[in-house]
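J.: What follows is the file entry-v7.pdb, containing PDB, C-alpha atoms and all ligand atoms:
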```pdb
ATOM      1  CA  MET A   1     -66.602 -82.715 -40.183
ATOM      2  CA  SER A   2     -66.040 -86.203 -38.820
ATOM      3  CA  ALA A   3     -69.412 -87.810 -39.607
ATOM      4  CA  LYS A   4     -69.864 -90.083 -42.617
ATOM      5  CA  LEU A   5     -72.373 -88.668 -45.101
ATOM      6  CA  LEU A   6     -75.491 -90.778 -45.537
ATOM      7  CA  GLU A   7     -76.366 -90.015 -49.138
ATOM      8  CA  GLY A   8     -79.638 -91.239 -50.586
ATOM      9  CA  LYS A   9     -78.647 -91.485 -54.241
ATOM     10  CA  PRO A  10     -76.348 -94.547 -54.175
ATOM     11  CA  ILE A  11     -78.865 -96.477 -52.036
ATOM     12  CA  ALA A  12     -81.684 -95.417 -54.362
ATOM     13  CA  GLU A  13     -79.717 -96.606 -57.409
ATOM     14  CA  LYS A  14     -79.108-100.016 -55.853
ATOM     15  CA  ILE A  15     -82.821-100.432 -55.070
ATOM     16  CA  GLN A  16     -83.708 -99.218 -58.575
ATOM     17  CA  THR A  17     -81.606-102.028 -60.057
ATOM     18  CA  GLU A  18     -83.624-104.537 -57.987
ATOM     19  CA  ILE A  19     -86.903-102.888 -59.062
ATOM     20  CA  ARG A  20     -85.906-103.095 -62.751
ATOM     21  CA  GLN A  21     -85.295-106.824 -62.388
ATOM     22  CA  GLU A  22     -88.580-107.365 -60.542
ATOM     23  CA  ILE A  23     -90.512-105.433 -63.200
ATOM     24  CA  LYS A  24     -88.917-107.617 -65.892
ATOM     25  CA  SER A  25     -89.736-110.810 -64.028
ATOM     26  CA  LEU A  26     -93.367-109.751 -63.599
ATOM     27  CA  GLY A  27     -93.476-110.125 -67.377
ATOM     28  CA  SER A  28     -96.319-107.689 -68.091
ATOM     29  CA  THR A  29     -96.731-103.912 -68.180
ATOM     30  CA  VAL A  30     -96.907-102.286 -64.752
ATOM     31  CA  ILE A  31     -98.919 -99.061 -64.714
ATOM     32  CA  LEU A  32     -98.850 -96.267 -62.131
ATOM     33  CA  ALA A  33    -101.859 -93.945 -62.405
ATOM     34  CA  SER A  34    -101.106 -90.435 -61.166
ATOM     35  CA  ILE A  35    -103.861 -87.921 -60.494
ATOM     36  CA  GLN A  36    -103.303 -84.191 -60.194
ATOM     37  CA  VAL A  37    -106.220 -81.863 -59.479
ATOM     38  CA  GLY A  38    -105.730 -78.317 -60.807
ATOM     39  CA  ASP A  39    -102.460 -76.509 -61.516
ATOM     40  CA  ASN A  40     -99.610 -76.400 -59.025
ATOM     41  CA  ALA A  41     -95.907 -75.861 -59.689
ATOM     42  CA  GLY A  42     -94.850 -78.105 -56.754
ATOM     43  CA  ALA A  43     -97.072 -80.990 -57.875
ATOM     44  CA  GLU A  44     -95.847 -80.599 -61.446
ATOM     45  CA  SER A  45     -92.240 -80.936 -60.363
ATOM     46  CA  TYR A  46     -93.034 -84.133 -58.359
ATOM     47  CA  VAL A  47     -94.908 -85.512 -61.369
ATOM     48  CA  LYS A  48     -91.900 -84.849 -63.590
ATOM     49  CA  SER A  49     -89.500 -86.707 -61.299
ATOM     50  CA  GLN A  50     -91.945 -89.608 -60.782
ATOM     51  CA  LYS A  51     -92.470 -89.932 -64.548
ATOM     52  CA  LYS A  52     -88.736 -89.836 -65.275
ATOM     53  CA  LEU A  53     -87.930 -92.516 -62.704
ATOM     54  CA  ALA A  54     -90.929 -94.680 -63.648
ATOM     55  CA  GLU A  55     -89.925 -94.705 -67.310
ATOM     56  CA  SER A  56     -86.303 -95.497 -66.490
ATOM     57  CA  LEU A  57     -87.539 -98.545 -64.533
ATOM     58  CA  GLY A  58     -89.804 -99.828 -67.302
ATOM     59  CA  ILE A  59     -93.003 -98.646 -65.600
ATOM     60  CA  GLU A  60     -95.806 -96.952 -67.525
ATOM     61  CA  TYR A  61     -96.669 -93.629 -65.860
ATOM     62  CA  ARG A  62    -100.266 -92.763 -66.728
ATOM     63  CA  PHE A  63    -100.825 -89.125 -65.798
ATOM     64  CA  ASN A  64    -104.326 -87.695 -65.366
ATOM     65  CA  LYS A  65    -104.925 -84.022 -64.701
ATOM     66  CA  LEU A  66    -108.409 -83.083 -63.482
ATOM     67  CA  ALA A  67    -109.897 -79.575 -63.454
ATOM     68  CA  SER A  68    -109.268 -77.474 -60.320
ATOM     69  CA  GLU A  69    -113.032 -77.301 -59.639
ATOM     70  CA  THR A  70    -113.352 -81.141 -59.525
ATOM     71  CA  SER A  71    -115.601 -82.096 -56.598
ATOM     72  CA  GLU A  72    -114.744 -84.698 -53.954
ATOM     73  CA  ALA A  73    -117.513 -86.937 -55.301
ATOM     74  CA  ALA A  74    -116.145 -86.712 -58.864
ATOM     75  CA  LEU A  75    -112.626 -87.526 -57.670
ATOM     76  CA  ILE A  76    -113.916 -90.537 -55.714
ATOM     77  CA  GLU A  77    -115.721 -91.739 -58.825
ATOM     78  CA  TYR A  78    -112.495 -91.370 -60.796
ATOM     79  CA  ILE A  79    -110.530 -93.308 -58.147
ATOM     80  CA  ASN A  80    -113.162 -96.062 -58.178
ATOM     81  CA  LYS A  81    -112.708 -96.485 -61.930
ATOM     82  CA  LEU A  82    -108.948 -96.900 -61.427
ATOM     83  CA  ASN A  83    -109.573 -99.321 -58.532
ATOM     84  CA  ILE A  84    -111.435-101.710 -60.805
ATOM     85  CA  ASP A  85    -109.183-101.191 -63.835
ATOM     86  CA  LYS A  86    -107.114-104.400 -63.839
ATOM     87  CA  SER A  87    -104.444-102.841 -66.079
ATOM     88  CA  VAL A  88    -103.544-100.302 -63.330
ATOM     89  CA  GLN A  89    -101.441-101.566 -60.388
ATOM     90  CA  GLY A  90    -100.860 -98.345 -58.458
ATOM     91  CA  ILE A  91    -102.628 -95.031 -57.786
ATOM     92  CA  ILE A  92    -101.077 -91.826 -56.483
ATOM     93  CA  ILE A  93    -102.831 -88.531 -55.768
ATOM     94  CA  GLN A  94    -100.564 -85.512 -56.093
ATOM     95  CA  MET A  95    -100.502 -82.902 -53.358
ATOM     96  CA  PRO A  96    -101.597 -80.224 -52.788
ATOM     97  CA  LEU A  97    -105.274 -80.668 -53.536
ATOM     98  CA  PRO A  98    -107.732 -77.775 -53.960
ATOM     99  CA  SER A  99    -109.509 -76.719 -50.749
ATOM    100  CA  GLN A 100    -112.806 -78.490 -51.578
ATOM    101  CA  ILE A 101    -111.031 -81.879 -51.397
ATOM    102  CA  ASP A 102    -109.982 -83.520 -48.106
ATOM    103  CA  TYR A 103    -106.933 -85.720 -48.771
ATOM    104  CA  LYS A 104    -107.433 -87.834 -45.637
ATOM    105  CA  LYS A 105    -110.948 -88.716 -46.766
ATOM    106  CA  ILE A 106    -110.005 -89.264 -50.408
ATOM    107  CA  SER A 107    -107.003 -91.472 -49.661
ATOM    108  CA  THR A 108    -109.256 -94.028 -47.930
ATOM    109  CA  PHE A 109    -111.048 -94.631 -51.258
ATOM    110  CA  ILE A 110    -107.925 -95.946 -52.972
ATOM    111  CA  CYS A 111    -107.946 -99.737 -52.913
ATOM    112  CA  PRO A 112    -105.256-100.693 -50.284
ATOM    113  CA  GLU A 113    -103.547-103.047 -52.786
ATOM    114  CA  LYS A 114    -103.061-100.070 -55.158
ATOM    115  CA  ASP A 115    -102.089 -97.534 -52.469
ATOM    116  CA  VAL A 116     -98.463 -96.963 -53.507
ATOM    117  CA  GLU A 117     -98.002 -94.168 -50.971
ATOM    118  CA  GLY A 118     -98.742 -96.620 -48.170
ATOM    119  CA  MET A 119    -101.047 -94.154 -46.434
ATOM    120  CA  HIS A 120    -104.343 -96.084 -46.537
ATOM    121  CA  PRO A 121    -105.439 -96.893 -42.939
ATOM    122  CA  ALA A 122    -105.365-100.611 -43.840
ATOM    123  CA  ASN A 123    -101.691-100.381 -44.842
ATOM    124  CA  ILE A 124    -100.765 -98.255 -41.813
ATOM    125  CA  GLY A 125    -102.624-100.785 -39.627
ATOM    126  CA  LYS A 126    -100.606-103.673 -41.062
ATOM    127  CA  ILE A 127     -97.410-102.028 -39.778
ATOM    128  CA  VAL A 128     -98.749-102.514 -36.224
ATOM    129  CA  PHE A 129     -98.974-106.260 -36.873
ATOM    130  CA  GLY A 130     -95.573-106.395 -38.625
ATOM    131  CA  LYS A 131     -97.298-107.558 -41.825
ATOM    132  CA  ALA A 132     -96.940-104.494 -44.071
ATOM    133  CA  LYS A 133     -95.776-105.001 -47.645
ATOM    134  CA  ILE A 134     -96.538-101.436 -48.761
ATOM    135  CA  LEU A 135     -94.854 -98.841 -46.531
ATOM    136  CA  PRO A 136     -95.244 -95.050 -46.327
ATOM    137  CA  CYS A 137     -92.464 -93.703 -48.568
ATOM    138  CA  THR A 138     -90.571 -91.285 -46.290
ATOM    139  CA  PRO A 139     -90.435 -93.635 -43.258
ATOM    140  CA  ALA A 140     -89.323 -96.436 -45.615
ATOM    141  CA  ALA A 141     -86.564 -94.145 -46.948
ATOM    142  CA  CYS A 142     -85.381 -93.450 -43.374
ATOM    143  CA  MET A 143     -85.278 -97.194 -42.650
ATOM    144  CA  GLU A 144     -83.153 -97.794 -45.781
ATOM    145  CA  LEU A 145     -80.713 -95.075 -44.716
ATOM    146  CA  LEU A 146     -80.423 -96.651 -41.255
ATOM    147  CA  LYS A 147     -79.930-100.099 -42.798
ATOM    148  CA  SER A 148     -77.086 -98.743 -44.957
ATOM    149  CA  THR A 149     -75.079 -97.834 -41.817
ATOM    150  CA  GLY A 150     -74.932-101.510 -40.835
ATOM    151  CA  VAL A 151     -75.881-100.539 -37.267
ATOM    152  CA  ASN A 152     -78.120-103.016 -35.427
ATOM    153  CA  LEU A 153     -81.248-101.168 -34.242
ATOM    154  CA  TYR A 154     -82.010-103.693 -31.481
ATOM    155  CA  GLY A 155     -82.194-101.842 -28.150
ATOM    156  CA  LYS A 156     -80.953 -98.556 -29.628
ATOM    157  CA  GLU A 157     -82.195 -95.286 -28.148
ATOM    158  CA  VAL A 158     -84.045 -93.680 -31.079
ATOM    159  CA  VAL A 159     -85.545 -90.206 -30.855
ATOM    160  CA  ILE A 160     -87.925 -88.980 -33.556
ATOM    161  CA  VAL A 161     -88.798 -85.278 -33.611
ATOM    162  CA  GLY A 162     -92.130 -84.684 -35.382
ATOM    163  CA  HIS A 163     -95.252 -86.849 -35.081
ATOM    164  CA  SER A 164     -96.956 -86.318 -38.423
ATOM    165  CA  GLU A 165     -99.029 -89.058 -40.036
ATOM    166  CA  ILE A 166     -96.725 -89.242 -43.051
ATOM    167  CA  VAL A 167     -93.391 -89.407 -41.209
ATOM    168  CA  GLY A 168     -93.060 -89.585 -37.409
ATOM    169  CA  LYS A 169     -95.976 -91.836 -36.440
ATOM    170  CA  PRO A 170     -95.492 -94.644 -39.002
ATOM    171  CA  LEU A 171     -91.697 -94.454 -38.608
ATOM    172  CA  SER A 172     -92.031 -95.044 -34.859
ATOM    173  CA  LEU A 173     -93.908 -98.300 -35.628
ATOM    174  CA  LEU A 174     -91.285 -99.480 -38.140
ATOM    175  CA  LEU A 175     -88.540 -98.868 -35.579
ATOM    176  CA  LEU A 176     -90.445-100.721 -32.862
ATOM    177  CA  GLU A 177     -90.575-103.702 -35.219
ATOM    178  CA  GLU A 178     -86.750-103.669 -35.057
ATOM    179  CA  PHE A 179     -86.829-103.567 -31.225
ATOM    180  CA  ALA A 180     -85.456-100.034 -30.989
ATOM    181  CA  THR A 181     -86.454 -98.000 -27.926
ATOM    182  CA  VAL A 182     -88.438 -95.201 -29.524
ATOM    183  CA  THR A 183     -89.229 -91.745 -28.146
ATOM    184  CA  VAL A 184     -91.431 -89.508 -30.288
ATOM    185  CA  CYS A 185     -91.144 -85.756 -29.629
ATOM    186  CA  HIS A 186     -93.500 -83.064 -30.931
ATOM    187  CA  ILE A 187     -94.645 -79.554 -30.220
ATOM    188  CA  GLY A 188     -95.809 -80.593 -26.729
ATOM    189  CA  THR A 189     -92.269 -81.816 -25.936
ATOM    190  CA  SER A 190     -90.823 -78.464 -27.043
ATOM    191  CA  LYS A 191     -93.411 -76.452 -25.143
ATOM    192  CA  ALA A 192     -92.659 -78.462 -21.988
ATOM    193  CA  GLY A 193     -88.972 -77.529 -22.430
ATOM    194  CA  LYS A 194     -88.020 -81.200 -22.785
ATOM    195  CA  LEU A 195     -86.824 -81.410 -26.407
ATOM    196  CA  GLU A 196     -83.131 -80.864 -25.645
ATOM    197  CA  GLU A 197     -82.953 -83.581 -23.008
ATOM    198  CA  HIS A 198     -84.474 -86.139 -25.393
ATOM    199  CA  VAL A 199     -82.248 -85.102 -28.318
ATOM    200  CA  LYS A 200     -79.133 -85.405 -26.128
ATOM    201  CA  LYS A 201     -79.828 -89.044 -25.275
ATOM    202  CA  ALA A 202     -80.449 -90.122 -28.901
ATOM    203  CA  GLN A 203     -78.150 -92.752 -30.371
ATOM    204  CA  ILE A 204     -80.272 -92.337 -33.492
ATOM    205  CA  LEU A 205     -81.972 -88.996 -34.117
ATOM    206  CA  ILE A 206     -84.570 -88.521 -36.851
ATOM    207  CA  VAL A 207     -85.969 -85.021 -37.316
ATOM    208  CA  ALA A 208     -89.056 -84.281 -39.441
ATOM    209  CA  VAL A 209     -90.445 -80.916 -38.430
ATOM    210  CA  GLY A 210     -89.880 -78.263 -41.121
ATOM    211  CA  LYS A 211     -88.085 -75.650 -38.979
ATOM    212  CA  PRO A 212     -84.539 -74.712 -40.004
ATOM    213  CA  ASN A 213     -81.883 -75.191 -37.303
ATOM    214  CA  LEU A 214     -84.429 -76.390 -34.735
ATOM    215  CA  ILE A 215     -81.865 -78.929 -33.503
ATOM    216  CA  LYS A 216     -78.611 -77.359 -32.358
ATOM    217  CA  GLY A 217     -75.521 -79.307 -33.378
ATOM    218  CA  ASP A 218     -73.967 -79.316 -29.904
ATOM    219  CA  LEU A 219     -76.891 -81.426 -28.598
ATOM    220  CA  ILE A 220     -75.954 -84.392 -30.769
ATOM    221  CA  SER A 221     -74.449 -87.195 -28.737
ATOM    222  CA  PRO A 222     -71.061 -88.503 -29.876
ATOM    223  CA  GLU A 223     -71.315 -91.244 -32.514
ATOM    224  CA  ALA A 224     -75.046 -90.668 -33.094
ATOM    225  CA  ILE A 225     -76.764 -91.333 -36.422
ATOM    226  CA  VAL A 226     -78.634 -88.227 -37.584
ATOM    227  CA  ILE A 227     -81.360 -88.401 -40.246
ATOM    228  CA  ASP A 228     -82.689 -84.982 -41.187
ATOM    229  CA  VAL A 229     -85.982 -85.244 -43.078
ATOM    230  CA  GLY A 230     -86.732 -81.492 -42.967
ATOM    231  CA  ILE A 231     -86.790 -79.416 -46.130
ATOM    232  CA  ASN A 232     -86.663 -75.654 -45.626
ATOM    233  CA  ARG A 233     -85.834 -72.843 -48.020
ATOM    234  CA  VAL A 234     -83.590 -70.250 -46.386
ATOM    235  CA  GLU A 235     -82.194 -67.377 -48.445
ATOM    236  CA  GLY A 236     -82.624 -69.353 -51.636
ATOM    237  CA  LYS A 237     -80.929 -72.484 -50.241
ATOM    238  CA  ILE A 238     -82.485 -75.778 -49.128
ATOM    239  CA  VAL A 239     -81.580 -76.702 -45.538
ATOM    240  CA  GLY A 240     -82.819 -79.285 -43.045
ATOM    241  CA  ASP A 241     -84.010 -79.019 -39.441
ATOM    242  CA  VAL A 242     -80.589 -79.803 -37.897
ATOM    243  CA  GLU A 243     -77.598 -77.435 -37.698
ATOM    244  CA  PHE A 244     -75.575 -79.451 -40.162
ATOM    245  CA  GLU A 245     -71.962 -78.267 -39.685
ATOM    246  CA  ALA A 246     -71.992 -78.483 -35.885
ATOM    247  CA  ALA A 247     -73.907 -81.793 -35.846
ATOM    248  CA  ALA A 248     -71.525 -83.343 -38.403
ATOM    249  CA  LYS A 249     -68.602 -82.683 -36.038
ATOM    250  CA  LYS A 250     -70.153 -84.964 -33.403
ATOM    251  CA  ALA A 251     -72.227 -87.569 -35.239
ATOM    252  CA  ALA A 252     -70.995 -90.851 -36.730
ATOM    253  CA  PHE A 253     -73.389 -90.588 -39.693
ATOM    254  CA  ILE A 254     -75.489 -87.669 -40.952
ATOM    255  CA  THR A 255     -77.746 -87.116 -43.964
ATOM    256  CA  PRO A 256     -77.054 -84.082 -46.140
ATOM    257  CA  VAL A 257     -79.988 -81.809 -47.026
ATOM    258  CA  PRO A 258     -80.615 -81.900 -49.902
ATOM    259  CA  GLY A 259     -79.358 -85.327 -50.965
ATOM    260  CA  GLY A 260     -80.225 -87.539 -47.983
ATOM    261  CA  VAL A 261     -83.814 -88.708 -47.530
ATOM    262  CA  GLY A 262     -85.205 -86.868 -50.582
ATOM    263  CA  PRO A 263     -83.602 -88.934 -53.396
ATOM    264  CA  LEU A 264     -84.896 -92.153 -51.814
ATOM    265  CA  THR A 265     -88.575 -91.310 -51.401
ATOM    266  CA  VAL A 266     -89.613 -91.570 -55.081
ATOM    267  CA  THR A 267     -87.721 -94.855 -55.304
ATOM    268  CA  MET A 268     -89.735 -96.151 -52.322
ATOM    269  CA  LEU A 269     -92.891 -95.227 -54.229
ATOM    270  CA  MET A 270     -91.768 -97.405 -57.151
ATOM    271  CA  ARG A 271     -90.825-100.265 -54.814
ATOM    272  CA  ASN A 272     -94.337-100.060 -53.371
ATOM    273  CA  LEU A 273     -95.692-100.292 -56.914
ATOM    274  CA  VAL A 274     -93.827-103.559 -57.440
ATOM    275  CA  GLU A 275     -95.226-104.908 -54.146
ATOM    276  CA  ALA A 276     -98.692-103.729 -55.199
ATOM    277  CA  ALA A 277     -98.363-105.531 -58.553
ATOM    278  CA  LYS A 278     -97.325-108.734 -56.743
ATOM    279  CA  LEU A 279    -100.217-108.472 -54.258
ATOM    280  CA  GLN A 280    -102.682-108.152 -57.123
ATOM    281  CA  ARG A 281    -101.378-111.320 -58.733
ATOM    282  CA  VAL A 282    -102.131-113.629 -55.823
TER     283      VAL A 282
HETATM  284  P1  LIG B   1     -95.925 -81.648 -40.492
HETATM  285  O1  LIG B   1     -96.043 -80.152 -40.423
HETATM  286  O2  LIG B   1     -97.100 -82.469 -40.829
HETATM  287  O3  LIG B   1     -95.367 -82.173 -39.090
HETATM  288  C1  LIG B   1     -94.391 -81.473 -38.391
HETATM  289  C2  LIG B   1     -94.236 -82.094 -37.030
HETATM  290  O4  LIG B   1     -93.299 -81.343 -36.273
HETATM  291  C3  LIG B   1     -95.511 -82.109 -36.219
HETATM  292  O5  LIG B   1     -95.538 -83.317 -35.507
HETATM  293  C4  LIG B   1     -95.350 -80.932 -35.270
HETATM  294  O6  LIG B   1     -96.082 -81.068 -34.088
HETATM  295  C5  LIG B   1     -93.871 -81.011 -35.003
HETATM  296  N1  LIG B   1     -93.322 -79.747 -34.534
HETATM  297  C6  LIG B   1     -93.567 -78.493 -34.973
HETATM  298  N2  LIG B   1     -92.825 -77.599 -34.291
HETATM  299  C7  LIG B   1     -92.094 -78.310 -33.406
HETATM  300  C8  LIG B   1     -91.137 -77.964 -32.434
HETATM  301  N3  LIG B   1     -90.778 -76.700 -32.219
HETATM  302  N4  LIG B   1     -90.594 -78.950 -31.689
HETATM  303  C9  LIG B   1     -90.937 -80.241 -31.868
HETATM  304  N5  LIG B   1     -91.829 -80.637 -32.802
HETATM  305  C10 LIG B   1     -92.407 -79.677 -33.564
HETATM  306  O7  LIG B   1     -94.730 -81.920 -41.482
HETATM  307  P2  LIG B   1     -94.303 -83.247 -42.294
HETATM  308  O8  LIG B   1     -94.148 -84.398 -41.373
HETATM  309  O9  LIG B   1     -95.154 -83.378 -43.478
HETATM  310  O10 LIG B   1     -92.873 -82.792 -42.802
HETATM  311  C11 LIG B   1     -91.833 -82.439 -41.901
HETATM  312  C12 LIG B   1     -90.643 -81.917 -42.691
HETATM  313  O11 LIG B   1     -90.145 -82.965 -43.503
HETATM  314  C13 LIG B   1     -90.967 -80.771 -43.659
HETATM  315  O12 LIG B   1     -89.849 -79.907 -43.744
HETATM  316  C14 LIG B   1     -91.182 -81.472 -44.978
HETATM  317  O13 LIG B   1     -90.923 -80.630 -46.088
HETATM  318  C15 LIG B   1     -90.155 -82.572 -44.873
HETATM  319  N6  LIG B   1     -90.479 -83.761 -45.673
HETATM  320  C16 LIG B   1     -89.475 -84.267 -46.442
HETATM  321  C17 LIG B   1     -89.686 -85.387 -47.200
HETATM  322  C18 LIG B   1     -88.558 -85.931 -48.002
HETATM  323  O14 LIG B   1     -88.771 -86.743 -48.865
HETATM  324  N7  LIG B   1     -87.307 -85.557 -47.732
HETATM  325  C19 LIG B   1     -90.998 -86.038 -47.257
HETATM  326  C20 LIG B   1     -91.960 -85.500 -46.324
HETATM  327  C21 LIG B   1     -91.701 -84.376 -45.567
HETATM  328  P3  LIG B   1     -97.611 -80.505 -34.061
HETATM  329  O15 LIG B   1     -98.316 -81.128 -35.230
HETATM  330  O16 LIG B   1     -98.129 -81.014 -32.781
HETATM  331  O17 LIG B   1     -97.501 -79.031 -34.187
END
```
Take the structure in this file and express it as structure tokens.
T.:
Amino acid sequence: MSAKLLEGKPIAEKIQTEIRQEIKSLGSTVILASIQVGDNAGAESYVKSQKKLAESLGIEYRFNKLASETSEAALIEYINKLNIDKSVQGIIIQMPLPSQIDYKKISTFICPEKDVEGMHPANIGKIVFGKAKILPCTPAACMELLKSTGVNLYGKEVVIVGHSEIVGKPLSLLLLEEFATVTVCHIGTSKAGKLEEHVKKAQILIVAVGKPNLIKGDLISPEAIVIDVGINRVEGKIVGDVEFEAAAKKAAFITPVPGGVGPLTVTMLMRNLVEAAKLQRV
């Protein structure tokens, strides 16, 4: 392996130190309201890690679990109460939600100033104008990893694989803000047989698909930066979307999976909470 490992934990810890100071300087309790609907092992594990980090940063994590049969209307009513509760600065809805609730619809009811996931259309829209204070967590984590390399993004050939609303699409906008040349690939690119040619030209490659080994290591161009967002369970192990060993032989920087993007995303959530608290003060 010749690539440098881009690990999320040390970057997360540095940002956490800044968050702790900001929370102190705000001078009053900052509260993150977390809503889970029904039982789910995955959601419970996210809640546990959010709570642990929140408490270590001096944030009050106010957890609310609603019954699995909660209707969309009842959840909206609940969100509205939190929207007007001045003691609460941030609201997060845990995924997955039961089938009767449409997340895309529900998320638009969270007041944009309290939308710590950065997924409200108003916050996504602000990215287009370069005015966003609250950013979607996974794209923000990718940007922090890129920043840590010290590489100037201006004019760089960036290829994103995956065009989901939570990763690929908002990330493409953040990279455009830095004057990178951005290509976004998706299933249509693969079906047209064009994925390899785009991957080969990437000076920076970011993959967020959810298919193990989709990107063959020998396609990575020499000295590329590779950010692997994918999380896949294969034979009891967590792996990304990129063939790690082969890619690490060619790249300049590569994220490990696990240990790359993952450790930074919850920290981005808490940074958004601080921004949310500041926005609500003005
Ligand atoms: P989605 O399923 O929403 O999006 C996957 C994207 O990949 C879609 O744009 C899809 O296109 C595209 N795609 C599917 N197959 C191919 C293919 N063969 N070639 C090119 N593109 C393809 O997933 P998410 O964005 O939510 O997540 C992606 C991965 O990142 C998952 O493994 C997820 O677990 C992980 N993740 C990790 C996070 C972290 O903190 N580390 C946070 C969020 C996600 P289309 O929709 O057109 O089919």
J.: Please write as a PDB file with C-alpha atoms, keeping the file's coordinate frame the full residue list that the PyMOL selection byres (((chain A and resi 26) around 12) and not hetatm) yields on this file.
T.:
```pdb
ATOM      1  CA  ILE A  19     -86.903-102.888 -59.062  1.00  0.00           C
ATOM      2  CA  ARG A  20     -85.906-103.095 -62.751  1.00  0.00           C
ATOM      3  CA  GLN A  21     -85.295-106.824 -62.388  1.00  0.00           C
ATOM      4  CA  GLU A  22     -88.580-107.365 -60.542  1.00  0.00           C
ATOM      5  CA  ILE A  23     -90.512-105.433 -63.200  1.00  0.00           C
ATOM      6  CA  LYS A  24     -88.917-107.617 -65.892  1.00  0.00           C
ATOM      7  CA  SER A  25     -89.736-110.810 -64.028  1.00  0.00           C
ATOM      8  CA  GLY A  27     -93.476-110.125 -67.377  1.00  0.00           C
ATOM      9  CA  SER A  28     -96.319-107.689 -68.091  1.00  0.00           C
ATOM     10  CA  THR A  29     -96.731-103.912 -68.180  1.00  0.00           C
ATOM     11  CA  VAL A  30     -96.907-102.286 -64.752  1.00  0.00           C
ATOM     12  CA  GLY A  58     -89.804 -99.828 -67.302  1.00  0.00           C
ATOM     13  CA  ILE A  59     -93.003 -98.646 -65.600  1.00  0.00           C
ATOM     14  CA  GLN A  89    -101.441-101.566 -60.388  1.00  0.00           C
ATOM     15  CA  LEU A 273     -95.692-100.292 -56.914  1.00  0.00           C
ATOM     16  CA  VAL A 274     -93.827-103.559 -57.440  1.00  0.00           C
ATOM     17  CA  GLU A 275     -95.226-104.908 -54.146  1.00  0.00           C
ATOM     18  CA  ALA A 276     -98.692-103.729 -55.199  1.00  0.00           C
ATOM     19  CA  ALA A 277     -98.363-105.531 -58.553  1.00  0.00           C
ATOM     20  CA  LYS A 278     -97.325-108.734 -56.743  1.00  0.00           C
ATOM     21  CA  LEU A 279    -100.217-108.472 -54.258  1.00  0.00           C
ATOM     22  CA  GLN A 280    -102.682-108.152 -57.123  1.00  0.00           C
ATOM     23  CA  ARG A 281    -101.378-111.320 -58.733  1.00  0.00           C
TER      24      ARG A 281
END
```
J.: I'd like to know which of A:Ile238, A:Leu264, A:Leu53, A:Ala248 is closest to A:Met1, using only C-alpha atoms.
T.: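 Closest to A:Met1, using only C-alpha atoms: A:Ala248.
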J.: Grab me every residue within 9 Å of ligand LIG 1 (chain B), counting all atoms listed in the file, and send it over as a VMD selection string.
T.: chain A and resid 137 to 139 141 161 to 169 185 to 191 195 207 to 212 214 to 215 228 to 232 240 to 241 257 to 266
J.: Grab all the atoms of stretch 209-224 of chain A that the file lists, wrap them in a box along x, y and z, add 4 Å per side, and give me centre plus edge lengths in Å (one decimal) as lines of an AutoDock Vina configuration file.
T.:
```
center_x = -80.8
center_y = -83.0
center_z = -34.9
size_x = 27.4
size_y = 24.5
size_z = 20.5
```
J.: Could you please determine the separation between atom CA of A:Thr181 and atom CA of A:Ala202 in Å, to one decimal place?
T.: 10.0 Å
J.: With only C-alpha atoms as the counted atoms, please give the residues lying no more than 9 Å from A:Ile79, apart from itself and same-chain residues fewer than 4 positions off, as an NGL selection string.
T.: :A and (35 or 74-75 or 83-84 or 91 or 106 or 109-111)
